[in-house]
$ cat run-v8.txt   # compact mmCIF, C-alpha atoms
# COMPACT_ATOMS: atom_id res chain seq x y z
CA MET A 78 24.29 -44.66 -67.32
CA THR A 79 21.69 -44.96 -64.58
CA VAL A 80 20.91 -41.23 -64.56
CA SER A 81 20.51 -38.45 -67.14
CA LEU A 82 23.07 -35.70 -67.67
CA GLU A 83 20.37 -33.13 -66.84
CA GLN A 84 19.95 -34.64 -63.37
CA LEU A 85 23.71 -34.73 -62.84
CA ARG A 86 24.03 -31.02 -63.64
CA ARG A 87 21.84 -30.28 -60.62
CA CYS A 88 24.26 -32.11 -58.30
CA HIS A 89 26.68 -30.12 -56.13
CA ILE A 90 29.16 -32.83 -55.16
CA GLY A 91 30.58 -36.02 -56.73
CA VAL A 92 32.05 -38.88 -54.69
CA ASP A 93 34.14 -41.87 -55.76
CA LEU A 94 34.30 -44.31 -52.82
CA GLY A 95 37.02 -46.75 -53.83
CA ALA A 96 38.50 -49.68 -51.94
CA ALA A 97 41.91 -47.97 -51.97
CA ARG A 98 41.15 -44.23 -52.07
CA THR A 99 38.21 -41.87 -51.55
CA ARG A 100 37.89 -38.89 -53.86
CA VAL A 101 35.46 -35.98 -53.65
CA PHE A 102 34.73 -33.44 -56.40
CA VAL A 103 32.87 -30.23 -55.52
CA LYS A 104 31.26 -28.23 -58.33
CA GLY A 105 33.17 -25.00 -58.76
CA ALA A 106 36.07 -26.09 -56.53
CA GLY A 107 37.34 -29.19 -58.36
CA LEU A 108 38.91 -32.24 -56.69
CA VAL A 109 39.04 -31.39 -52.97
CA VAL A 110 39.67 -34.82 -51.39
CA ASP A 111 42.01 -37.59 -52.57
CA GLU A 112 42.91 -39.75 -49.57
CA PRO A 113 43.15 -43.47 -48.70
CA SER A 114 39.83 -45.05 -47.63
CA VAL A 115 41.14 -45.83 -44.14
CA ALA A 116 40.08 -44.79 -40.63
CA ALA A 117 41.66 -45.45 -37.22
CA VAL A 118 39.33 -45.89 -34.22
CA ASN A 119 39.91 -46.06 -30.47
CA THR A 120 38.01 -49.22 -29.46
CA ARG A 121 37.79 -48.11 -25.81
CA THR A 122 36.00 -44.84 -26.46
CA GLY A 123 34.77 -45.26 -30.05
CA ALA A 124 36.49 -42.00 -30.99
CA LEU A 125 37.85 -41.49 -34.51
CA ILE A 126 41.61 -40.92 -34.20
CA ALA A 127 42.75 -40.47 -37.81
CA VAL A 128 41.56 -40.83 -41.41
CA GLY A 129 43.20 -40.96 -44.81
CA GLN A 130 46.97 -40.95 -45.21
CA PHE A 131 47.78 -40.76 -41.49
CA ALA A 132 45.45 -43.69 -40.70
CA GLU A 133 47.02 -45.77 -43.48
CA GLN A 134 50.47 -45.17 -42.00
CA MET A 135 49.16 -46.64 -38.72
CA THR A 136 48.37 -50.01 -40.34
CA GLY A 137 50.25 -52.75 -38.50
CA ARG A 138 51.81 -50.27 -36.05
CA THR A 139 49.03 -49.64 -33.52
CA PRO A 140 48.54 -50.80 -29.90
CA ALA A 141 45.72 -53.27 -29.23
CA TYR A 142 43.10 -50.62 -28.41
CA ILE A 143 43.45 -48.82 -31.78
CA ARG A 144 41.81 -50.50 -34.77
CA VAL A 145 42.50 -49.53 -38.38
CA VAL A 146 39.42 -50.16 -40.55
CA ARG A 147 38.52 -49.91 -44.24
CA PRO A 148 34.81 -49.07 -44.56
CA VAL A 149 34.85 -49.65 -48.34
CA SER A 150 35.63 -53.03 -49.89
CA GLY A 151 35.60 -53.76 -53.61
CA GLY A 152 33.95 -50.42 -54.38
CA THR A 153 31.09 -51.26 -51.99
CA VAL A 154 30.43 -49.58 -48.64
CA VAL A 155 30.54 -52.34 -46.00
CA ASP A 156 30.31 -50.07 -42.92
CA ILE A 157 27.94 -47.17 -43.56
CA GLN A 158 28.43 -45.41 -40.22
CA MET A 159 32.22 -45.54 -40.42
CA ALA A 160 32.18 -44.40 -44.07
CA GLN A 161 30.09 -41.37 -43.04
CA ARG A 162 32.47 -40.49 -40.20
CA MET A 163 35.47 -40.90 -42.52
CA LEU A 164 33.92 -38.66 -45.21
CA ARG A 165 32.97 -35.99 -42.66
CA SER A 166 36.52 -35.85 -41.38
CA LEU A 167 38.04 -35.82 -44.88
CA LEU A 168 35.78 -32.99 -46.05
CA GLY A 169 36.66 -30.79 -43.08
CA GLU A 170 34.46 -28.39 -41.11
CA LYS A 171 34.83 -25.43 -43.50
CA LEU A 172 33.73 -27.37 -46.60
CA ARG A 173 30.90 -29.09 -44.69
CA ARG A 174 29.57 -25.68 -43.62
CA THR A 175 29.63 -24.50 -47.25
CA LEU A 176 27.71 -27.59 -48.40
CA ARG A 177 25.15 -27.26 -45.60
CA ARG A 178 24.18 -23.83 -46.96
CA LYS A 179 22.81 -25.51 -50.10
CA PRO A 180 19.01 -25.63 -49.66
CA ARG A 181 18.68 -29.00 -51.39
CA LEU A 182 22.10 -30.65 -51.48
CA ARG A 183 22.39 -33.18 -54.31
CA ALA A 184 25.23 -35.68 -54.64
CA ALA A 185 26.43 -38.08 -57.33
CA ALA A 186 28.45 -41.22 -56.67
CA CYS A 187 30.35 -43.75 -58.78
CA THR A 188 29.22 -47.36 -58.39
CA PRO A 189 30.85 -50.49 -59.85
CA HIS A 190 29.25 -52.03 -62.91
CA ASP A 191 26.37 -54.39 -62.07
CA ALA A 192 26.50 -53.44 -58.38
CA ASP A 193 23.67 -55.21 -56.56
CA PRO A 194 20.80 -53.14 -55.05
CA LEU A 195 22.16 -53.63 -51.53
CA ALA A 196 25.53 -52.10 -52.50
CA GLN A 197 23.80 -49.21 -54.26
CA ARG A 198 21.62 -48.55 -51.22
CA ALA A 199 24.69 -48.54 -48.94
CA THR A 200 26.29 -45.85 -51.12
CA VAL A 201 23.10 -43.77 -51.14
CA GLU A 202 22.65 -44.03 -47.35
CA THR A 203 26.27 -43.01 -46.78
CA LEU A 204 25.76 -39.74 -48.66
CA VAL A 205 22.28 -39.13 -47.26
CA GLY A 206 23.87 -39.32 -43.80
CA LEU A 207 26.14 -36.45 -44.86
CA GLY A 208 23.14 -34.23 -45.63
CA ALA A 209 22.42 -35.04 -49.29
CA ARG A 210 18.69 -34.76 -50.09
CA ARG A 211 19.10 -36.75 -53.31
CA VAL A 212 21.82 -39.10 -54.58
CA GLU A 213 22.39 -40.01 -58.24
CA LEU A 214 24.40 -43.14 -59.13
CA VAL A 215 26.74 -43.27 -62.14
CA ASP A 216 28.45 -46.37 -63.50
CA THR A 217 32.20 -46.16 -62.81
CA LEU A 218 32.95 -47.35 -66.37
CA ILE A 219 31.04 -44.41 -67.94
CA ALA A 220 32.57 -41.87 -65.54
CA ALA A 221 36.11 -43.18 -66.15
CA ALA A 222 35.63 -43.15 -69.93
CA VAL A 223 34.46 -39.52 -69.81
CA GLY A 224 37.31 -38.61 -67.45
CA CYS A 225 40.05 -39.90 -69.75
CA GLY A 226 38.56 -38.19 -72.82
CA LEU A 227 37.19 -41.17 -74.73
CA PRO A 228 34.57 -40.26 -77.37
CA VAL A 229 31.88 -42.38 -75.72
CA GLU A 230 29.02 -40.53 -77.45
CA LEU A 231 30.08 -41.61 -80.98
CA ALA A 232 28.81 -44.66 -82.85
CA GLU A 233 32.26 -46.25 -82.55
CA ALA A 234 33.61 -48.77 -80.11
CA THR A 235 35.80 -47.67 -77.23
CA MET A 236 37.14 -50.21 -74.75
CA ILE A 237 37.99 -49.22 -71.21
CA MET A 238 39.59 -51.21 -68.42
CA VAL A 239 39.25 -49.89 -64.86
CA CYS A 240 42.01 -51.49 -62.77
CA GLY A 241 41.01 -51.05 -59.15
CA ALA A 242 42.45 -52.29 -55.88
CA ALA A 243 39.86 -55.06 -55.42
CA THR A 244 38.25 -55.52 -58.86
CA THR A 245 38.97 -55.00 -62.54
CA GLN A 246 36.13 -53.83 -64.78
CA VAL A 247 36.26 -54.14 -68.57
CA ALA A 248 33.68 -52.71 -70.97
CA VAL A 249 33.03 -51.81 -74.59
CA LEU A 250 31.15 -48.51 -74.97
CA SER A 251 29.26 -47.07 -77.93
CA LEU A 252 26.67 -44.27 -78.28
CA GLY A 253 27.14 -43.27 -74.65
CA SER A 254 26.17 -46.69 -73.27
CA ILE A 255 27.79 -49.97 -72.24
CA VAL A 256 27.50 -52.63 -74.95
CA THR A 257 29.20 -55.46 -73.04
CA ALA A 258 30.98 -55.42 -69.71
CA GLU A 259 32.60 -57.80 -67.25
CA ARG A 260 33.56 -57.33 -63.60
CA ILE A 261 36.52 -59.47 -62.50
CA PRO A 262 37.25 -59.94 -58.76
CA VAL A 263 40.98 -59.44 -59.27
CA GLY A 264 42.79 -56.16 -58.64
CA GLY A 265 45.99 -54.67 -57.31
CA GLU A 266 45.48 -56.24 -53.89
CA ALA A 267 45.26 -59.76 -55.39
CA ILE A 268 48.51 -59.16 -57.27
CA ASP A 269 50.20 -57.89 -54.10
CA HIS A 270 48.89 -60.93 -52.23
CA ALA A 271 50.32 -63.28 -54.88
CA ILE A 272 53.78 -61.75 -54.42
CA VAL A 273 53.54 -61.89 -50.62
CA GLN A 274 52.54 -65.57 -50.72
CA HIS A 275 55.35 -66.38 -53.17
CA LEU A 276 57.95 -64.79 -50.88
CA ARG A 277 56.51 -66.57 -47.86
CA HIS A 278 56.52 -70.03 -49.43
CA GLN A 279 59.71 -69.84 -51.48
CA HIS A 280 61.91 -67.67 -49.21
CA GLU A 281 60.16 -67.98 -45.81
CA LEU A 282 59.99 -64.19 -45.69
CA MET A 283 57.12 -62.08 -44.36
CA LEU A 284 56.81 -58.58 -45.77
CA PRO A 285 55.67 -55.59 -43.68
CA SER A 286 51.98 -54.99 -44.38
CA GLN A 287 52.26 -51.31 -45.16
CA SER A 288 55.80 -49.95 -45.04
CA VAL A 289 56.62 -50.89 -48.64
CA ARG A 290 54.63 -51.90 -51.66
CA PRO A 291 55.92 -55.31 -52.71
CA LEU A 292 55.35 -54.56 -56.38
CA GLN A 293 57.61 -51.55 -56.42
CA LEU A 294 60.40 -53.60 -54.82
CA ALA A 295 60.05 -56.82 -56.74
CA LEU A 296 59.21 -55.32 -60.12
CA SER A 297 61.44 -52.28 -60.36
CA GLY A 298 62.70 -51.53 -63.86
CA ASN A 299 60.54 -52.98 -66.62
CA GLY A 300 58.18 -54.83 -64.34
CA LEU A 301 56.40 -57.77 -65.92
CA THR A 302 58.59 -57.71 -69.03
CA PRO A 303 61.61 -60.05 -69.19
CA HIS A 304 63.94 -57.06 -69.69
CA GLY A 305 63.81 -56.06 -66.02
CA PRO A 306 66.55 -56.81 -63.44
CA GLU A 307 67.28 -60.49 -62.84
CA SER A 308 67.11 -60.20 -59.06
CA THR A 309 65.99 -57.72 -56.42
CA GLU A 310 66.88 -57.41 -52.74
CA ILE A 311 63.87 -57.46 -50.43
CA HIS A 312 63.79 -56.86 -46.67
CA GLY A 313 61.33 -58.58 -44.39
CA ARG A 314 60.91 -60.80 -41.35
CA ASP A 315 62.01 -64.43 -41.20
CA VAL A 316 59.00 -66.73 -40.73
CA ALA A 317 60.84 -69.13 -38.40
CA THR A 318 63.01 -66.85 -36.25
CA GLY A 319 61.04 -63.59 -36.44
CA LEU A 320 64.28 -61.67 -37.08
CA ALA A 321 64.82 -59.11 -39.84
CA ARG A 322 66.34 -60.63 -42.97
CA SER A 323 67.18 -59.64 -46.54
CA VAL A 324 66.97 -62.00 -49.52
CA GLN A 325 67.81 -61.81 -53.21
CA VAL A 326 64.60 -62.64 -55.09
CA ASP A 327 64.53 -63.88 -58.68
CA THR A 328 62.20 -61.45 -60.48
CA ALA A 329 61.34 -64.03 -63.16
CA ALA A 330 59.78 -66.24 -60.44
CA VAL A 331 57.87 -63.23 -59.11
CA ARG A 332 56.56 -62.51 -62.61
CA ASP A 333 55.32 -66.10 -62.85
CA ALA A 334 53.52 -65.73 -59.50
CA ILE A 335 51.81 -62.56 -60.74
CA HIS A 336 50.63 -64.12 -63.99
CA THR A 337 48.28 -66.46 -62.12
CA PRO A 338 45.82 -63.77 -60.93
CA LEU A 339 46.26 -61.81 -64.16
CA THR A 340 45.02 -64.81 -66.16
CA ALA A 341 41.52 -64.07 -64.82
CA VAL A 342 41.79 -60.51 -66.18
CA LEU A 343 42.75 -61.81 -69.63
CA ASP A 344 39.82 -64.25 -69.54
CA GLY A 345 37.48 -61.34 -68.71
CA ILE A 346 38.77 -59.30 -71.67
CA GLY A 347 38.28 -62.32 -73.94
CA LYS A 348 34.67 -62.76 -72.74
CA VAL A 349 33.87 -59.08 -73.37
CA LEU A 350 35.25 -59.31 -76.91
CA ARG A 351 33.36 -62.55 -77.61
CA ASP A 352 30.07 -60.97 -76.53
CA CYS A 353 30.71 -57.82 -78.58
CA PRO A 354 29.24 -57.33 -82.11
CA PRO A 355 31.85 -57.93 -84.88
CA ASP A 356 31.65 -54.34 -86.19
CA LEU A 357 32.66 -52.95 -82.80
CA VAL A 358 35.51 -55.46 -82.44
CA ALA A 359 36.84 -54.23 -85.81
CA ASP A 360 36.90 -50.67 -84.40
CA LEU A 361 38.83 -51.87 -81.36
CA ALA A 362 41.60 -53.34 -83.53
CA ASP A 363 42.62 -49.72 -84.29
CA ARG A 364 41.55 -47.94 -81.10
CA GLY A 365 42.70 -50.58 -78.62
CA ILE A 366 42.17 -50.60 -74.84
CA MET A 367 42.34 -47.58 -72.52
CA MET A 368 43.56 -48.45 -69.01
CA VAL A 369 42.54 -46.36 -66.00
CA GLY A 370 42.65 -46.89 -62.24
CA GLY A 371 45.52 -46.98 -59.77
CA SER A 372 46.58 -50.54 -60.68
CA ALA A 373 46.95 -49.54 -64.36
CA LEU A 374 50.40 -48.23 -63.37
CA LEU A 375 51.62 -51.75 -62.54
CA PRO A 376 54.95 -51.91 -64.42
CA GLY A 377 54.68 -53.96 -67.62
CA LEU A 378 50.94 -54.72 -67.36
CA ASP A 379 50.16 -52.76 -70.54
CA GLN A 380 52.80 -54.70 -72.49
CA MET A 381 51.43 -58.02 -71.23
CA LEU A 382 47.95 -57.06 -72.46
CA ARG A 383 49.36 -56.04 -75.85
CA ASN A 384 51.03 -59.43 -76.22
CA ALA A 385 47.91 -61.33 -75.13
CA THR A 386 45.29 -59.44 -77.19
CA GLY A 387 47.28 -58.14 -80.16
CA MET A 388 45.55 -54.74 -79.73
CA PRO A 389 47.05 -51.35 -78.85
CA VAL A 390 46.94 -50.61 -75.11
CA HIS A 391 47.06 -47.05 -73.74
CA ILE A 392 47.30 -45.75 -70.17
CA ALA A 393 45.30 -42.61 -69.35
CA GLU A 394 47.20 -39.43 -68.46
CA ARG A 395 45.97 -39.47 -64.84
CA PRO A 396 44.63 -43.02 -64.53
CA ASP A 397 43.97 -42.93 -60.77
CA VAL A 398 41.53 -39.96 -60.83
CA CYS A 399 39.78 -40.48 -64.19
CA ALA A 400 36.48 -41.66 -62.68
CA VAL A 401 36.00 -38.72 -60.30
CA LEU A 402 37.15 -36.19 -62.93
CA GLY A 403 34.64 -37.68 -65.39
CA LEU A 404 31.94 -37.38 -62.75
CA GLY A 405 32.99 -33.77 -62.16
CA ALA A 406 32.81 -33.00 -65.89
CA MET A 407 29.21 -34.26 -65.91
CA LEU A 408 28.35 -32.17 -62.85
CA GLU A 409 29.74 -29.01 -64.45
CA GLY A 410 27.91 -29.62 -67.74
CA LYS A 411 31.03 -30.10 -69.86
CA ILE A 412 29.54 -33.20 -71.51
CA GLN A 413 26.88 -32.64 -74.15
CA PRO A 414 23.96 -35.09 -74.03
CA LEU A 415 23.44 -37.38 -77.00
CA VAL A 416 20.09 -36.67 -78.64
CA LEU A 417 18.63 -39.37 -80.86
CA ALA A 418 15.61 -37.56 -82.29
CA PRO A 419 13.09 -39.59 -84.32
CA LEU A 420 13.07 -38.93 -88.04
CA THR A 421 10.04 -37.11 -89.45
CA GLY A 422 8.35 -37.65 -92.74

$ encode --input "run-v8.txt" --output "structure tokens"
Amino acid sequence: MTVSLEQLRRCHIGVDLGAARTRVFVKGAGLVVDEPSVAAVNTRTGALIAVGQFAEQMTGRTPAYIRVVRPVSGGTVVDIQMAQRMLRSLLGEKLRRTLRRKPRLRAAACTPHDADPLAQRATVETLVGLGARRVELVDTLIAAAVGCGLPVELAEATMIMVCGAATTQVAVLSLGSIVTAERIPVGGEAIDHAIVQHLRHQHELMLPSQSVRPLQLALSGNGLTPHGPESTEIHGRDVATGLARSVQVDTAAVRDAIHTPLTAVLDGIGKVLRDCPPDLVADLADRGIMMVGGSALLPGLDQMLRNATGMPVHIAERPDVCAVLGLGAMLEGKIQPLVLAPLTG
């Protein structure tokens, strides 16, 4: 962790700026914002038209003068000004007034593991622009582990896998710190893209960008496991004619297309285990891997990891909000600090 628990207890607000969704936790009020990280802007006037769910519904359906933007990419703020405007709108005037009454507003934010200084500074400047006098940064892996109830403070190994929209982060934790970790640039979006490309090349079908999630259509049932339905009907637009068309897609072929990006995730898990001390790996044989993040709900992904690693794989109770809830638990002082006092005598 990049900051002490004592410093986090002084914070009033916790923010998780994700590539897919933005979540805000306010001390004493709980989770107050859980919306897509999307904003719609009028390019003629520069006015902000919509944010969150409504802006996401506009994707691919707007006239030329309305632009739908995502100010956060891969857990990193790429457009500070737009991220500030989006957060202001998501928080609402009433909550912003309440926060402005704080004499020295402090904020905490989740950052991806090994985020470079430029990405960290972008996150800090985004929250400073909202009125925060001080911003503390917490590793997403630590926050997610706390949020899903893992005993990170014990001298035992716990392995967590944060499956995000743009990246997947894997780490082994012990004594409240990260022992080994790996950040893999493959997430839910890469898996969606693999399915879209498969349908385009094999069936000459273009899927709507936002109206349906390809995974839910192509992998209904048991998902990545072979016990799912043999074929699924998918609606889209014909590449050649531009007309609407429906095709029967072989789900086994879709599973094969998905396995290509997931191979990188398996390689990342293998690297983390190879870099881990043998005693901790022995603990993991019993404890297994805890999956959190929105993409952890990909049907059959947990079973694929079990088959590949031979370890138990568990999905957190609320995998999509574990990181921000863990951050909130630290803000409210529900986590006791680990004290390693020197021995006397």

$ closest_residue --input "run-v8.txt" --among "A:Val398, A:Met368, A:Ala141, A:Ile346" --to "A:Glu112" --atoms "all atoms listed in the file"
A:Val398

$ closest_residue --input "run-v8.txt" --among "A:Glu170, A:Ala124, A:Asp379, A:Pro180" --to "A:Arg211" --atoms "all atoms listed in the file"
A:Pro180

$ residues_around --input "run-v8.txt" --residues "A:Ala234" --least-positions-apart "5" --cutoff "12 Å" --atoms "all atoms listed in the file" --output "ChimeraX atom specification"
/A:222,227-229,248-257,350,353-367

$ closest_residue --input "run-v8.txt" --among "A:His336, A:Arg98, A:Lys171, A:Arg178" --to "A:Gly371" --atoms "only C-alpha atoms"
A:Arg98

$ residues_near_point --input "run-v8.txt" --point "(39.7, -44.5, -45.2)" --cutoff "6 Å" --atoms "all atoms listed in the file" --output "list of chain:residue names"
A:Pro113, A:Ser114, A:Val115, A:Ala116, A:Val128, A:Gly129, A:Arg147

$ atom_distance --input "run-v8.txt" --atom1 "atom CA of A:Gly107" --atom2 "atom CA of A:Gly405"
7.4 Å

$ atom_distance --input "run-v8.txt" --atom1 "atom CA of A:Thr328" --atom2 "atom CA of A:Gly313"
16.4 Å

$ axis_aligned_box --input "run-v8.txt" --around "stretch 320-325 of chain A" --padding-each-side "8 Å" --output "lines of an AutoDock Vina configuration file"
center_x = 66.0
center_y = -60.6
center_z = -45.1
size_x = 19.5
size_y = 18.9
size_z = 32.1

$ decode --input "run-v8.txt" --residues "stretch 352-375 of chain A" --atoms "N, CA, C and O atoms" --output "PDB file, in the first residue's frame"
ATOM      1  N   ASP A 352       7.361 -16.532  -9.526  1.00  0.00           N
ATOM      2  CA  ASP A 352       8.120 -15.541  -8.764  1.00  0.00           C
ATOM      3  C   ASP A 352       7.813 -15.590  -7.271  1.00  0.00           C
ATOM      4  O   ASP A 352       8.446 -14.868  -6.490  1.00  0.00           O
ATOM      5  N   CYS A 353       6.846 -16.406  -6.887  1.00  0.00           N
ATOM      6  CA  CYS A 353       6.386 -16.443  -5.496  1.00  0.00           C
ATOM      7  C   CYS A 353       7.222 -17.453  -4.685  1.00  0.00           C
ATOM      8  O   CYS A 353       7.588 -18.505  -5.206  1.00  0.00           O
ATOM      9  N   PRO A 354       7.535 -17.164  -3.409  1.00  0.00           N
ATOM     10  CA  PRO A 354       8.255 -18.144  -2.578  1.00  0.00           C
ATOM     11  C   PRO A 354       7.470 -19.454  -2.458  1.00  0.00           C
ATOM     12  O   PRO A 354       6.229 -19.436  -2.403  1.00  0.00           O
ATOM     13  N   PRO A 355       8.171 -20.604  -2.385  1.00  0.00           N
ATOM     14  CA  PRO A 355       7.488 -21.915  -2.352  1.00  0.00           C
ATOM     15  C   PRO A 355       6.487 -22.070  -1.208  1.00  0.00           C
ATOM     16  O   PRO A 355       5.443 -22.702  -1.368  1.00  0.00           O
ATOM     17  N   ASP A 356       6.804 -21.499  -0.028  1.00  0.00           N
ATOM     18  CA  ASP A 356       5.892 -21.636   1.120  1.00  0.00           C
ATOM     19  C   ASP A 356       4.539 -20.995   0.833  1.00  0.00           C
ATOM     20  O   ASP A 356       3.490 -21.513   1.239  1.00  0.00           O
ATOM     21  N   LEU A 357       4.555 -19.855   0.145  1.00  0.00           N
ATOM     22  CA  LEU A 357       3.301 -19.176  -0.165  1.00  0.00           C
ATOM     23  C   LEU A 357       2.524 -19.931  -1.238  1.00  0.00           C
ATOM     24  O   LEU A 357       1.293 -19.984  -1.206  1.00  0.00           O
ATOM     25  N   VAL A 358       3.234 -20.518  -2.198  1.00  0.00           N
ATOM     26  CA  VAL A 358       2.558 -21.310  -3.238  1.00  0.00           C
ATOM     27  C   VAL A 358       1.857 -22.502  -2.600  1.00  0.00           C
ATOM     28  O   VAL A 358       0.759 -22.894  -3.015  1.00  0.00           O
ATOM     29  N   ALA A 359       2.470 -23.102  -1.568  1.00  0.00           N
ATOM     30  CA  ALA A 359       1.838 -24.229  -0.867  1.00  0.00           C
ATOM     31  C   ALA A 359       0.538 -23.795  -0.213  1.00  0.00           C
ATOM     32  O   ALA A 359      -0.454 -24.543  -0.208  1.00  0.00           O
ATOM     33  N   ASP A 360       0.503 -22.566   0.346  1.00  0.00           N
ATOM     34  CA  ASP A 360      -0.747 -22.040   0.923  1.00  0.00           C
ATOM     35  C   ASP A 360      -1.825 -21.900  -0.146  1.00  0.00           C
ATOM     36  O   ASP A 360      -3.005 -22.168   0.087  1.00  0.00           O
ATOM     37  N   LEU A 361      -1.416 -21.461  -1.340  1.00  0.00           N
ATOM     38  CA  LEU A 361      -2.383 -21.195  -2.404  1.00  0.00           C
ATOM     39  C   LEU A 361      -3.022 -22.474  -2.923  1.00  0.00           C
ATOM     40  O   LEU A 361      -4.123 -22.430  -3.472  1.00  0.00           O
ATOM     41  N   ALA A 362      -2.348 -23.605  -2.763  1.00  0.00           N
ATOM     42  CA  ALA A 362      -2.932 -24.880  -3.217  1.00  0.00           C
ATOM     43  C   ALA A 362      -4.240 -25.154  -2.489  1.00  0.00           C
ATOM     44  O   ALA A 362      -5.150 -25.782  -3.044  1.00  0.00           O
ATOM     45  N   ASP A 363      -4.372 -24.673  -1.239  1.00  0.00           N
ATOM     46  CA  ASP A 363      -5.613 -24.856  -0.477  1.00  0.00           C
ATOM     47  C   ASP A 363      -6.551 -23.664  -0.633  1.00  0.00           C
ATOM     48  O   ASP A 363      -7.754 -23.821  -0.804  1.00  0.00           O
ATOM     49  N   ARG A 364      -5.990 -22.456  -0.583  1.00  0.00           N
ATOM     50  CA  ARG A 364      -6.825 -21.249  -0.620  1.00  0.00           C
ATOM     51  C   ARG A 364      -7.319 -20.915  -2.022  1.00  0.00           C
ATOM     52  O   ARG A 364      -8.433 -20.441  -2.207  1.00  0.00           O
ATOM     53  N   GLY A 365      -6.463 -21.117  -3.019  1.00  0.00           N
ATOM     54  CA  GLY A 365      -6.860 -20.864  -4.402  1.00  0.00           C
ATOM     55  C   GLY A 365      -6.829 -19.389  -4.772  1.00  0.00           C
ATOM     56  O   GLY A 365      -6.178 -18.567  -4.127  1.00  0.00           O
ATOM     57  N   ILE A 366      -7.564 -19.043  -5.824  1.00  0.00           N
ATOM     58  CA  ILE A 366      -7.576 -17.700  -6.400  1.00  0.00           C
ATOM     59  C   ILE A 366      -8.944 -17.060  -6.158  1.00  0.00           C
ATOM     60  O   ILE A 366      -9.972 -17.697  -6.363  1.00  0.00           O
ATOM     61  N   MET A 367      -8.937 -15.803  -5.726  1.00  0.00           N
ATOM     62  CA  MET A 367     -10.192 -15.049  -5.579  1.00  0.00           C
ATOM     63  C   MET A 367     -10.318 -14.100  -6.761  1.00  0.00           C
ATOM     64  O   MET A 367      -9.427 -13.285  -7.018  1.00  0.00           O
ATOM     65  N   MET A 368     -11.409 -14.198  -7.508  1.00  0.00           N
ATOM     66  CA  MET A 368     -11.634 -13.348  -8.676  1.00  0.00           C
ATOM     67  C   MET A 368     -12.570 -12.194  -8.321  1.00  0.00           C
ATOM     68  O   MET A 368     -13.635 -12.418  -7.742  1.00  0.00           O
ATOM     69  N   VAL A 369     -12.159 -10.978  -8.676  1.00  0.00           N
ATOM     70  CA  VAL A 369     -13.010  -9.807  -8.502  1.00  0.00           C
ATOM     71  C   VAL A 369     -12.984  -9.007  -9.799  1.00  0.00           C
ATOM     72  O   VAL A 369     -12.202  -9.285 -10.705  1.00  0.00           O
ATOM     73  N   GLY A 370     -13.822  -7.983  -9.886  1.00  0.00           N
ATOM     74  CA  GLY A 370     -13.899  -7.176 -11.102  1.00  0.00           C
ATOM     75  C   GLY A 370     -15.080  -7.592 -11.962  1.00  0.00           C
ATOM     76  O   GLY A 370     -15.563  -8.727 -11.884  1.00  0.00           O
ATOM     77  N   GLY A 371     -15.554  -6.679 -12.782  1.00  0.00           N
ATOM     78  CA  GLY A 371     -16.732  -6.938 -13.610  1.00  0.00           C
ATOM     79  C   GLY A 371     -16.560  -8.112 -14.559  1.00  0.00           C
ATOM     80  O   GLY A 371     -17.489  -8.889 -14.787  1.00  0.00           O
ATOM     81  N   SER A 372     -15.361  -8.299 -15.119  1.00  0.00           N
ATOM     82  CA  SER A 372     -15.136  -9.378 -16.081  1.00  0.00           C
ATOM     83  C   SER A 372     -14.996 -10.736 -15.412  1.00  0.00           C
ATOM     84  O   SER A 372     -14.922 -11.758 -16.100  1.00  0.00           O
ATOM     85  N   ALA A 373     -14.956 -10.777 -14.065  1.00  0.00           N
ATOM     86  CA  ALA A 373     -14.905 -12.067 -13.363  1.00  0.00           C
ATOM     87  C   ALA A 373     -16.188 -12.863 -13.577  1.00  0.00           C
ATOM     88  O   ALA A 373     -16.208 -14.080 -13.390  1.00  0.00           O
ATOM     89  N   LEU A 374     -17.264 -12.164 -13.974  1.00  0.00           N
ATOM     90  CA  LEU A 374     -18.556 -12.822 -14.189  1.00  0.00           C
ATOM     91  C   LEU A 374     -18.679 -13.429 -15.578  1.00  0.00           C
ATOM     92  O   LEU A 374     -19.739 -13.933 -15.937  1.00  0.00           O
ATOM     93  N   LEU A 375     -17.603 -13.383 -16.383  1.00  0.00           N
ATOM     94  CA  LEU A 375     -17.623 -14.019 -17.697  1.00  0.00           C
ATOM     95  C   LEU A 375     -17.943 -15.498 -17.533  1.00  0.00           C
ATOM     96  O   LEU A 375     -17.237 -16.214 -16.817  1.00  0.00           O
TER      97      LEU A 375
END
